[in-house]
Amino acid sequence: MDKFRMIFQFLQSNQESFMNGICGILALASAQMYSAFDFNCPCLPGYNAAYSAGILLAPPLVLFLLGLVLNNNVSMLAEEWKRPPGRRAKDPAVLRYMFCSMAQRALIAPVVWVAVTLLDGKCFLCAFCTAVPVATLGNSSVVPGLAPPELARLLARVPCPEIYDGDWLLAREVAVRYLRCISQALGWSFVLLTTLLAFVVRSVRPCFTQAAFLKSKYWSHYIDIERKLFDETCTEHAKAFAKVCIQQFFEAMNQDLELGHSHAVLASGPAAPVPADSTGEEKAKLRGITDQSAVNKLLTSWHQCKPPLRLCQEEPLMGNGWVGGGPRLPRKEVATYFSKV
């Protein structure tokens with residue numbers, strides 16, 4: 001249990017490793033889901049292809065959306081994309097990097113599902129059983145005498161051994177082996193192509209645009225860390241605000257009780273007063289924002305005009321935004337001299 005706890009704490013501290021772990025779990029879950037899934041081909045000419053396409057495409061789409069939902073950066077990306085430019089311009093390169101990073105991780109589970117489906121061959125067999133070359137693999141002398149609807153009806157039953165009655169036309173085992181070999185070849189080709197594509201994206205692409213890649217990566221991390229620090233600051237401010245409000249409420253209630261029911265208070269003993277030092281400390285944490293409208297205005301200002309990314313501001317920070325328009329007032333320099341007597 002201690003090892004699992006240490007691994008979990010490491011994944012929590014490192015968001016990138018945590019998301020890689022989530023995507024790996026989704027990939028294993030997709031493979032396990034397919035092994036537990038009961039594939040039942042309808043064995044009808046008009047429904048085999050539609051059923052197989054749904055099995056091949058619908059679960060990967062669900063897994064892709066689930067991978068995006070479990071990613072913490074989705075809301076951050078949407079907020080950065082939709083926010084007003086304000087004092088800080090939006091960088092499309094950072095947004096593209098964030099989206100590509102999320103999409104790469106979310107595509108792992110769908111790729112595993114498609115690869116396992118093609119390597120298994122049941123889905124491909126159900127979809128293309130009517131396209132088996134009977135003239136090459138079966139009884140070619142009977143094929144010209146059959147109508148196309150009757151031939152399609154017989155071949156559509158190839159995936160269902162309990163109802164297939166066309167051995168006189170084409171041996172079922174021959175058709176199954178033929179289609180499964182093609183499906184497995186497509187599956188391994190798909191795995192090879194996705195591996196090469198992942199190699200190009202992860203290794204080759206940064207070599208051509210290293211400077212742009214590093215800048216996008218840096219500011220993507222900055223936006224993530226800034227959001228975390230903002231959430232922590234909001235939590236501290238809300239805690240201090242709630243604590244001061246509750247303390248003031250109970251102090252007012254104690255004063256009302258002392259004035260209206262002085263004899264009852266004296267009989268039961270005086271209430272313990274709240275230390276003034278703690279209240280003063282909590283008020284100091286609020287930094288002058290002690291009203292609901294002021295807090296709402298501050299949050300709106302943060303959303304609409306985030307401060308520019310400059311450490312040495314030429315414009316002083318006043319109120320809820322950067323105020324400029326004139327030179328800063330000079331400060332008086334006070335010098336104090338100490339001498340030994």
# chains A, B, ... in the order shown; residues from 1 in each chain; ligands from 1
>>> select_by_dssp(residues="range 82-190 of chain A", states="helix (DSSP H, G or I)", output="compact mmCIF listing (two decimals) with N, CA, C and O atoms, in the first residue's frame")
# COMPACT_ATOMS: atom_id res chain seq x y z
N LYS A 82 -11.73 31.76 -25.08
CA LYS A 82 -12.91 32.62 -25.11
C LYS A 82 -12.74 33.92 -24.36
O LYS A 82 -13.58 34.83 -24.49
N PRO A 92 -2.06 32.32 -30.38
CA PRO A 92 -2.62 31.11 -31.00
C PRO A 92 -1.68 29.91 -30.93
O PRO A 92 -2.15 28.77 -30.87
N ALA A 93 -0.37 30.15 -30.94
CA ALA A 93 0.57 29.03 -30.87
C ALA A 93 0.44 28.27 -29.55
O ALA A 93 0.53 27.04 -29.51
N VAL A 94 0.22 29.01 -28.46
CA VAL A 94 0.05 28.35 -27.16
C VAL A 94 -1.24 27.53 -27.13
O VAL A 94 -1.27 26.40 -26.62
N LEU A 95 -2.31 28.09 -27.71
CA LEU A 95 -3.58 27.35 -27.76
C LEU A 95 -3.44 26.09 -28.61
O LEU A 95 -3.97 25.03 -28.24
N ARG A 96 -2.73 26.19 -29.73
CA ARG A 96 -2.53 25.00 -30.57
C ARG A 96 -1.70 23.95 -29.84
O ARG A 96 -2.00 22.74 -29.93
N TYR A 97 -0.66 24.40 -29.13
CA TYR A 97 0.17 23.44 -28.39
C TYR A 97 -0.65 22.73 -27.31
O TYR A 97 -0.55 21.51 -27.13
N MET A 98 -1.48 23.48 -26.58
CA MET A 98 -2.29 22.89 -25.53
C MET A 98 -3.29 21.89 -26.11
O MET A 98 -3.47 20.78 -25.57
N PHE A 99 -3.93 22.26 -27.22
CA PHE A 99 -4.91 21.35 -27.83
C PHE A 99 -4.22 20.10 -28.38
O PHE A 99 -4.73 18.98 -28.21
N CYS A 100 -3.09 20.26 -29.05
CA CYS A 100 -2.38 19.09 -29.58
C CYS A 100 -1.90 18.18 -28.46
O CYS A 100 -1.94 16.95 -28.59
N SER A 101 -1.45 18.76 -27.37
CA SER A 101 -1.00 17.95 -26.24
C SER A 101 -2.14 17.13 -25.65
O SER A 101 -1.98 15.94 -25.34
N MET A 102 -3.31 17.76 -25.51
CA MET A 102 -4.47 17.02 -25.00
C MET A 102 -4.95 15.97 -25.99
O MET A 102 -5.30 14.85 -25.61
N ALA A 103 -4.98 16.32 -27.29
CA ALA A 103 -5.47 15.39 -28.30
C ALA A 103 -4.57 14.16 -28.41
O ALA A 103 -5.05 13.04 -28.60
N GLN A 104 -3.25 14.37 -28.31
CA GLN A 104 -2.34 13.22 -28.40
C GLN A 104 -2.59 12.21 -27.29
O GLN A 104 -2.60 11.00 -27.54
N ARG A 105 -2.81 12.71 -26.07
CA ARG A 105 -3.07 11.78 -24.97
C ARG A 105 -4.45 11.14 -25.10
O ARG A 105 -4.62 9.96 -24.79
N ALA A 106 -5.44 11.92 -25.54
CA ALA A 106 -6.80 11.38 -25.64
C ALA A 106 -6.94 10.38 -26.77
O ALA A 106 -7.88 9.57 -26.76
N ILE A 108 -4.88 7.93 -27.46
CA ILE A 108 -4.24 6.64 -27.18
C ILE A 108 -5.28 5.52 -27.05
O ILE A 108 -5.16 4.46 -27.68
N ALA A 109 -6.31 5.75 -26.25
CA ALA A 109 -7.33 4.72 -26.05
C ALA A 109 -8.09 4.40 -27.34
O ALA A 109 -8.31 3.22 -27.65
N PRO A 110 -8.54 5.39 -28.15
CA PRO A 110 -9.19 5.04 -29.43
C PRO A 110 -8.28 4.26 -30.38
O PRO A 110 -8.75 3.35 -31.07
N VAL A 111 -7.00 4.61 -30.42
CA VAL A 111 -6.08 3.88 -31.29
C VAL A 111 -5.96 2.42 -30.84
O VAL A 111 -5.94 1.50 -31.68
N VAL A 112 -5.91 2.20 -29.54
CA VAL A 112 -5.84 0.82 -29.03
C VAL A 112 -7.10 0.05 -29.40
O VAL A 112 -7.05 -1.11 -29.81
N TRP A 113 -8.27 0.69 -29.29
CA TRP A 113 -9.53 0.02 -29.64
C TRP A 113 -9.55 -0.37 -31.12
O TRP A 113 -9.91 -1.51 -31.46
N VAL A 114 -9.20 0.56 -32.00
CA VAL A 114 -9.22 0.26 -33.44
C VAL A 114 -8.21 -0.83 -33.78
O VAL A 114 -8.50 -1.75 -34.57
N ALA A 115 -7.02 -0.78 -33.18
CA ALA A 115 -6.00 -1.79 -33.45
C ALA A 115 -6.46 -3.17 -32.98
O ALA A 115 -6.32 -4.16 -33.73
N VAL A 116 -7.02 -3.25 -31.78
CA VAL A 116 -7.49 -4.55 -31.27
C VAL A 116 -8.64 -5.07 -32.11
O VAL A 116 -8.73 -6.27 -32.39
N THR A 117 -9.53 -4.18 -32.55
CA THR A 117 -10.66 -4.60 -33.37
C THR A 117 -10.20 -5.17 -34.71
O THR A 117 -10.70 -6.21 -35.16
N LEU A 118 -9.26 -4.50 -35.35
CA LEU A 118 -8.77 -4.99 -36.64
C LEU A 118 -7.96 -6.28 -36.48
O LEU A 118 -8.06 -7.19 -37.33
N LEU A 119 -7.17 -6.38 -35.42
CA LEU A 119 -6.39 -7.60 -35.23
C LEU A 119 -7.27 -8.79 -34.88
O LEU A 119 -6.94 -9.94 -35.22
N ASP A 120 -8.39 -8.55 -34.22
CA ASP A 120 -9.31 -9.64 -33.91
C ASP A 120 -10.03 -10.14 -35.17
O ASP A 120 -10.21 -11.35 -35.34
N LYS A 122 -13.22 -9.86 -36.23
CA LYS A 122 -14.67 -10.11 -36.26
C LYS A 122 -15.42 -8.96 -36.94
O LYS A 122 -16.35 -9.20 -37.72
N CYS A 123 -15.03 -7.75 -36.63
CA CYS A 123 -15.71 -6.60 -37.20
C CYS A 123 -15.50 -6.53 -38.71
O CYS A 123 -16.44 -6.27 -39.47
N PHE A 124 -14.28 -6.76 -39.16
CA PHE A 124 -13.99 -6.74 -40.60
C PHE A 124 -14.70 -7.88 -41.31
O PHE A 124 -15.19 -7.72 -42.44
N LEU A 125 -14.77 -9.04 -40.68
CA LEU A 125 -15.48 -10.19 -41.25
C LEU A 125 -16.95 -9.88 -41.43
O LEU A 125 -17.55 -10.21 -42.47
N CYS A 126 -17.56 -9.24 -40.44
CA CYS A 126 -18.98 -8.92 -40.54
C CYS A 126 -19.24 -7.85 -41.60
O CYS A 126 -20.26 -7.90 -42.29
N ALA A 127 -18.34 -6.92 -41.76
CA ALA A 127 -18.57 -5.81 -42.68
C ALA A 127 -18.36 -6.20 -44.14
O ALA A 127 -19.10 -5.75 -45.02
N PHE A 128 -17.38 -7.06 -44.43
CA PHE A 128 -17.00 -7.34 -45.82
C PHE A 128 -17.22 -8.80 -46.21
O PHE A 128 -16.60 -9.28 -47.17
N CYS A 129 -18.09 -9.47 -45.48
CA CYS A 129 -18.34 -10.87 -45.85
C CYS A 129 -19.05 -10.98 -47.20
O CYS A 129 -18.88 -11.99 -47.91
N THR A 130 -19.83 -9.96 -47.58
CA THR A 130 -20.52 -10.01 -48.87
C THR A 130 -19.59 -9.70 -50.04
O THR A 130 -19.99 -9.83 -51.20
N ALA A 131 -18.36 -9.25 -49.75
CA ALA A 131 -17.41 -8.91 -50.82
C ALA A 131 -16.38 -10.01 -51.05
O ALA A 131 -15.35 -9.76 -51.70
N VAL A 134 -16.15 -15.09 -54.52
CA VAL A 134 -16.62 -16.47 -54.58
C VAL A 134 -16.07 -17.18 -55.81
O VAL A 134 -15.78 -18.39 -55.77
N ALA A 135 -15.93 -16.46 -56.89
CA ALA A 135 -15.44 -17.09 -58.12
C ALA A 135 -14.02 -17.61 -57.95
O ALA A 135 -13.63 -18.57 -58.62
N THR A 136 -13.24 -17.03 -57.04
CA THR A 136 -11.86 -17.46 -56.83
C THR A 136 -11.75 -18.50 -55.71
O THR A 136 -10.99 -19.46 -55.82
N LEU A 137 -12.53 -18.31 -54.63
CA LEU A 137 -12.39 -19.17 -53.45
C LEU A 137 -13.43 -20.28 -53.38
O LEU A 137 -13.23 -21.25 -52.65
N VAL A 143 -21.92 -19.69 -59.35
CA VAL A 143 -22.09 -18.25 -59.17
C VAL A 143 -22.90 -17.62 -60.29
O VAL A 143 -23.79 -16.81 -60.03
N PRO A 144 -22.68 -17.93 -61.59
CA PRO A 144 -23.48 -17.26 -62.62
C PRO A 144 -24.97 -17.57 -62.53
O PRO A 144 -25.80 -16.77 -62.98
N GLY A 145 -25.34 -18.69 -61.95
CA GLY A 145 -26.75 -19.03 -61.87
C GLY A 145 -27.48 -18.41 -60.71
O GLY A 145 -28.72 -18.55 -60.63
N PRO A 148 -27.96 -11.75 -57.71
CA PRO A 148 -27.16 -10.98 -56.73
C PRO A 148 -27.81 -10.87 -55.36
O PRO A 148 -27.09 -10.99 -54.35
N PRO A 149 -29.12 -10.67 -55.22
CA PRO A 149 -29.69 -10.62 -53.86
C PRO A 149 -29.54 -11.95 -53.12
O PRO A 149 -29.26 -11.97 -51.92
N GLU A 150 -29.71 -13.07 -53.83
CA GLU A 150 -29.56 -14.37 -53.18
C GLU A 150 -28.11 -14.64 -52.78
O GLU A 150 -27.83 -15.17 -51.70
N LEU A 151 -27.17 -14.22 -53.63
CA LEU A 151 -25.76 -14.40 -53.30
C LEU A 151 -25.37 -13.54 -52.09
O LEU A 151 -24.63 -14.00 -51.20
N ALA A 152 -25.86 -12.30 -52.04
CA ALA A 152 -25.56 -11.44 -50.90
C ALA A 152 -26.16 -11.99 -49.62
O ALA A 152 -25.55 -11.90 -48.54
N ARG A 153 -27.37 -12.61 -49.71
CA ARG A 153 -28.00 -13.18 -48.53
C ARG A 153 -27.20 -14.35 -47.99
O ARG A 153 -27.02 -14.50 -46.77
N LEU A 154 -26.66 -15.17 -48.88
CA LEU A 154 -25.88 -16.32 -48.43
C LEU A 154 -24.54 -15.87 -47.82
O LEU A 154 -24.13 -16.38 -46.77
N LEU A 155 -23.87 -14.92 -48.47
CA LEU A 155 -22.57 -14.49 -47.97
C LEU A 155 -22.70 -13.68 -46.67
O LEU A 155 -21.77 -13.67 -45.86
N ARG A 172 -17.24 -22.03 -45.35
CA ARG A 172 -17.20 -20.91 -44.40
C ARG A 172 -15.80 -20.68 -43.86
O ARG A 172 -15.37 -19.54 -43.70
N GLU A 173 -15.05 -21.73 -43.57
CA GLU A 173 -13.71 -21.58 -43.01
C GLU A 173 -12.78 -20.85 -43.98
O GLU A 173 -11.92 -20.07 -43.57
N VAL A 174 -12.97 -21.08 -45.27
CA VAL A 174 -12.14 -20.40 -46.27
C VAL A 174 -12.41 -18.91 -46.26
O VAL A 174 -11.48 -18.08 -46.27
N ALA A 175 -13.68 -18.51 -46.21
CA ALA A 175 -14.04 -17.09 -46.20
C ALA A 175 -13.55 -16.41 -44.92
O ALA A 175 -13.05 -15.27 -44.95
N VAL A 176 -13.70 -17.11 -43.79
CA VAL A 176 -13.29 -16.52 -42.51
C VAL A 176 -11.78 -16.30 -42.49
O VAL A 176 -11.29 -15.23 -42.08
N ARG A 177 -11.02 -17.29 -42.93
CA ARG A 177 -9.57 -17.12 -42.94
C ARG A 177 -9.14 -16.02 -43.90
O ARG A 177 -8.22 -15.24 -43.60
N TYR A 178 -9.79 -15.94 -45.03
CA TYR A 178 -9.43 -14.92 -46.03
C TYR A 178 -9.65 -13.51 -45.48
O TYR A 178 -8.76 -12.64 -45.55
N LEU A 179 -10.81 -13.28 -44.88
CA LEU A 179 -11.12 -11.94 -44.38
C LEU A 179 -10.32 -11.61 -43.12
O LEU A 179 -9.92 -10.45 -42.92
N ARG A 180 -10.06 -12.58 -42.27
CA ARG A 180 -9.28 -12.30 -41.06
C ARG A 180 -7.82 -12.01 -41.39
O ARG A 180 -7.19 -11.18 -40.72
N CYS A 181 -7.28 -12.64 -42.42
CA CYS A 181 -5.92 -12.31 -42.82
C CYS A 181 -5.83 -10.86 -43.30
O CYS A 181 -4.89 -10.13 -42.95
N ILE A 182 -6.81 -10.42 -44.09
CA ILE A 182 -6.82 -9.03 -44.55
C ILE A 182 -6.99 -8.09 -43.37
O ILE A 182 -6.33 -7.03 -43.28
N SER A 183 -7.88 -8.42 -42.41
CA SER A 183 -8.11 -7.57 -41.25
C SER A 183 -6.84 -7.45 -40.40
O SER A 183 -6.49 -6.35 -39.94
N GLN A 184 -6.14 -8.57 -40.17
CA GLN A 184 -4.92 -8.50 -39.38
C GLN A 184 -3.82 -7.72 -40.09
O GLN A 184 -3.05 -6.99 -39.45
N ALA A 185 -3.76 -7.83 -41.41
CA ALA A 185 -2.78 -7.03 -42.16
C ALA A 185 -3.09 -5.54 -42.02
O ALA A 185 -2.18 -4.72 -41.81
N LEU A 186 -4.36 -5.19 -42.11
CA LEU A 186 -4.75 -3.79 -41.92
C LEU A 186 -4.47 -3.33 -40.48
O LEU A 186 -4.06 -2.19 -40.24
N GLY A 187 -4.69 -4.23 -39.52
CA GLY A 187 -4.43 -3.88 -38.12
C GLY A 187 -2.97 -3.58 -37.85
O GLY A 187 -2.63 -2.58 -37.21
N TRP A 188 -2.07 -4.45 -38.34
CA TRP A 188 -0.64 -4.21 -38.13
C TRP A 188 -0.18 -2.98 -38.92
O TRP A 188 0.70 -2.23 -38.45
N SER A 189 -0.75 -2.75 -40.09
CA SER A 189 -0.42 -1.53 -40.83
C SER A 189 -0.87 -0.28 -40.08
O SER A 189 -0.16 0.73 -40.05
N PHE A 190 -2.04 -0.36 -39.46
CA PHE A 190 -2.54 0.76 -38.67
C PHE A 190 -1.63 1.02 -37.47
O PHE A 190 -1.32 2.18 -37.16
>>> residues_around(residues="range 160-166 of chain A", least_positions_apart="3", cutoff="9 Å", atoms="only C-alpha atoms", output="list in words")
Asn40, Cys41, Pro42, Cys43, Leu154, Leu155, Ala156, Arg157, Leu169, Leu170, Ala171 and Arg172 of chain A
>>> write_last_selection(atoms="all heavy atoms", output="short mmCIF file (atom, residue, chain, number, x, y, z; two decimals), in the first residue's frame")
data_model
loop_
_atom_site.label_atom_id
_atom_site.label_comp_id
_atom_site.auth_asym_id
_atom_site.auth_seq_id
_atom_site.Cartn_x
_atom_site.Cartn_y
_atom_site.Cartn_z
N ASN A 40 -22.04 -9.51 -31.89
CA ASN A 40 -23.11 -10.27 -32.53
C ASN A 40 -23.42 -9.62 -33.88
O ASN A 40 -24.10 -8.59 -33.95
CB ASN A 40 -24.37 -10.31 -31.66
CG ASN A 40 -24.17 -11.12 -30.40
OD1 ASN A 40 -23.60 -12.21 -30.44
ND2 ASN A 40 -24.61 -10.59 -29.27
N CYS A 41 -22.92 -10.21 -34.94
CA CYS A 41 -23.17 -9.69 -36.27
C CYS A 41 -24.62 -9.99 -36.65
O CYS A 41 -25.12 -11.11 -36.44
CB CYS A 41 -22.22 -10.34 -37.27
SG CYS A 41 -22.34 -9.67 -38.94
N PRO A 42 -25.35 -9.04 -37.22
CA PRO A 42 -26.75 -9.29 -37.60
C PRO A 42 -26.90 -10.28 -38.75
O PRO A 42 -27.99 -10.86 -38.92
CB PRO A 42 -27.27 -7.91 -37.98
CG PRO A 42 -26.07 -7.10 -38.30
CD PRO A 42 -24.97 -7.63 -37.43
N CYS A 43 -25.86 -10.47 -39.55
CA CYS A 43 -25.88 -11.41 -40.67
C CYS A 43 -27.00 -11.12 -41.66
O CYS A 43 -27.71 -12.02 -42.13
CB CYS A 43 -25.99 -12.86 -40.16
SG CYS A 43 -24.56 -13.38 -39.19
N LEU A 154 -26.66 -15.17 -48.88
CA LEU A 154 -25.88 -16.32 -48.43
C LEU A 154 -24.54 -15.87 -47.82
O LEU A 154 -24.13 -16.38 -46.77
CB LEU A 154 -25.63 -17.26 -49.62
CG LEU A 154 -26.83 -18.06 -50.12
CD1 LEU A 154 -26.46 -18.84 -51.38
CD2 LEU A 154 -27.33 -19.02 -49.05
N LEU A 155 -23.87 -14.92 -48.47
CA LEU A 155 -22.57 -14.49 -47.97
C LEU A 155 -22.70 -13.68 -46.67
O LEU A 155 -21.77 -13.67 -45.86
CB LEU A 155 -21.85 -13.64 -49.02
CG LEU A 155 -21.45 -14.39 -50.30
CD1 LEU A 155 -20.77 -13.43 -51.28
CD2 LEU A 155 -20.52 -15.56 -49.98
N ALA A 156 -23.82 -12.99 -46.46
CA ALA A 156 -24.01 -12.22 -45.24
C ALA A 156 -24.10 -13.11 -44.01
O ALA A 156 -23.92 -12.62 -42.87
CB ALA A 156 -25.26 -11.35 -45.35
N ARG A 157 -24.36 -14.42 -44.20
CA ARG A 157 -24.47 -15.35 -43.07
C ARG A 157 -23.14 -16.02 -42.74
O ARG A 157 -23.09 -16.88 -41.85
CB ARG A 157 -25.50 -16.42 -43.40
CG ARG A 157 -26.92 -15.88 -43.56
CD ARG A 157 -27.88 -17.01 -43.87
NE ARG A 157 -29.26 -16.53 -43.98
CZ ARG A 157 -30.31 -17.31 -44.26
NH1 ARG A 157 -30.12 -18.61 -44.45
NH2 ARG A 157 -31.52 -16.78 -44.35
N LEU A 169 -21.70 -23.54 -51.87
CA LEU A 169 -21.20 -22.44 -52.68
C LEU A 169 -19.79 -22.02 -52.28
O LEU A 169 -18.91 -21.85 -53.13
CB LEU A 169 -22.14 -21.23 -52.58
CG LEU A 169 -21.72 -19.96 -53.31
CD1 LEU A 169 -21.70 -20.21 -54.82
CD2 LEU A 169 -22.65 -18.81 -52.97
N LEU A 170 -19.56 -21.88 -50.97
CA LEU A 170 -18.26 -21.43 -50.44
C LEU A 170 -18.10 -21.96 -49.03
O LEU A 170 -19.00 -21.79 -48.19
CB LEU A 170 -18.17 -19.89 -50.44
CG LEU A 170 -16.91 -19.27 -49.84
CD1 LEU A 170 -15.70 -19.60 -50.69
CD2 LEU A 170 -17.06 -17.76 -49.70
N ALA A 171 -16.98 -22.63 -48.80
CA ALA A 171 -16.71 -23.14 -47.46
C ALA A 171 -16.53 -21.97 -46.49
O ALA A 171 -15.78 -21.02 -46.77
CB ALA A 171 -15.48 -24.03 -47.47
N ARG A 172 -17.24 -22.03 -45.35
CA ARG A 172 -17.20 -20.91 -44.40
C ARG A 172 -15.80 -20.68 -43.86
O ARG A 172 -15.37 -19.54 -43.70
CB ARG A 172 -18.18 -21.18 -43.25
CG ARG A 172 -18.19 -20.06 -42.21
CD ARG A 172 -19.11 -20.37 -41.05
NE ARG A 172 -19.03 -19.29 -40.06
CZ ARG A 172 -18.10 -19.22 -39.12
NH1 ARG A 172 -17.16 -20.15 -39.03
NH2 ARG A 172 -18.09 -18.19 -38.28
#
>>> residues_around(residues="range 285-293 of chain A", least_positions_apart="5", cutoff="8 Å", atoms="only C-alpha atoms", output="ChimeraX atom specification")
/A:237,240-241
>>> write_last_selection(atoms="N, CA, C and O atoms", output="JSON list (two decimals), in the first residue's frame")
[["chain", "number", "residue", "atom", "x", "y", "z"],
["A", 237, "HIS", "N", -8.26, 33.85, 0.08],
["A", 237, "HIS", "CA", -9.06, 35.07, 0.23],
["A", 237, "HIS", "C", -10.47, 34.74, 0.68],
["A", 237, "HIS", "O", -11.03, 35.40, 1.58],
["A", 240, "ALA", "N", -10.43, 33.75, 4.36],
["A", 240, "ALA", "CA", -10.30, 34.91, 5.24],
["A", 240, "ALA", "C", -11.57, 35.74, 5.26],
["A", 240, "ALA", "O", -12.01, 36.22, 6.32],
["A", 241, "PHE", "N", -12.20, 35.91, 4.10],
["A", 241, "PHE", "CA", -13.44, 36.69, 4.02],
["A", 241, "PHE", "C", -14.55, 36.03, 4.84],
["A", 241, "PHE", "O", -15.26, 36.69, 5.61]]
>>> residues_around(residues="Trp81 in chain A", least_positions_apart="4", cutoff="10 Å", atoms="only C-alpha atoms", output="PyMOL selection string")
chain A and resi 75-77+85+90-92+95
>>> atom_distance(atom1="CA of Pro308 in chain A", atom2="CA of Glu80 in chain A")
14.3 Å
>>> closest_residue(among="A:Lys215, A:Arg87, A:Trp168, A:Val158", to="Ser140 in chain A", atoms="only C-alpha atoms")
A:Trp168
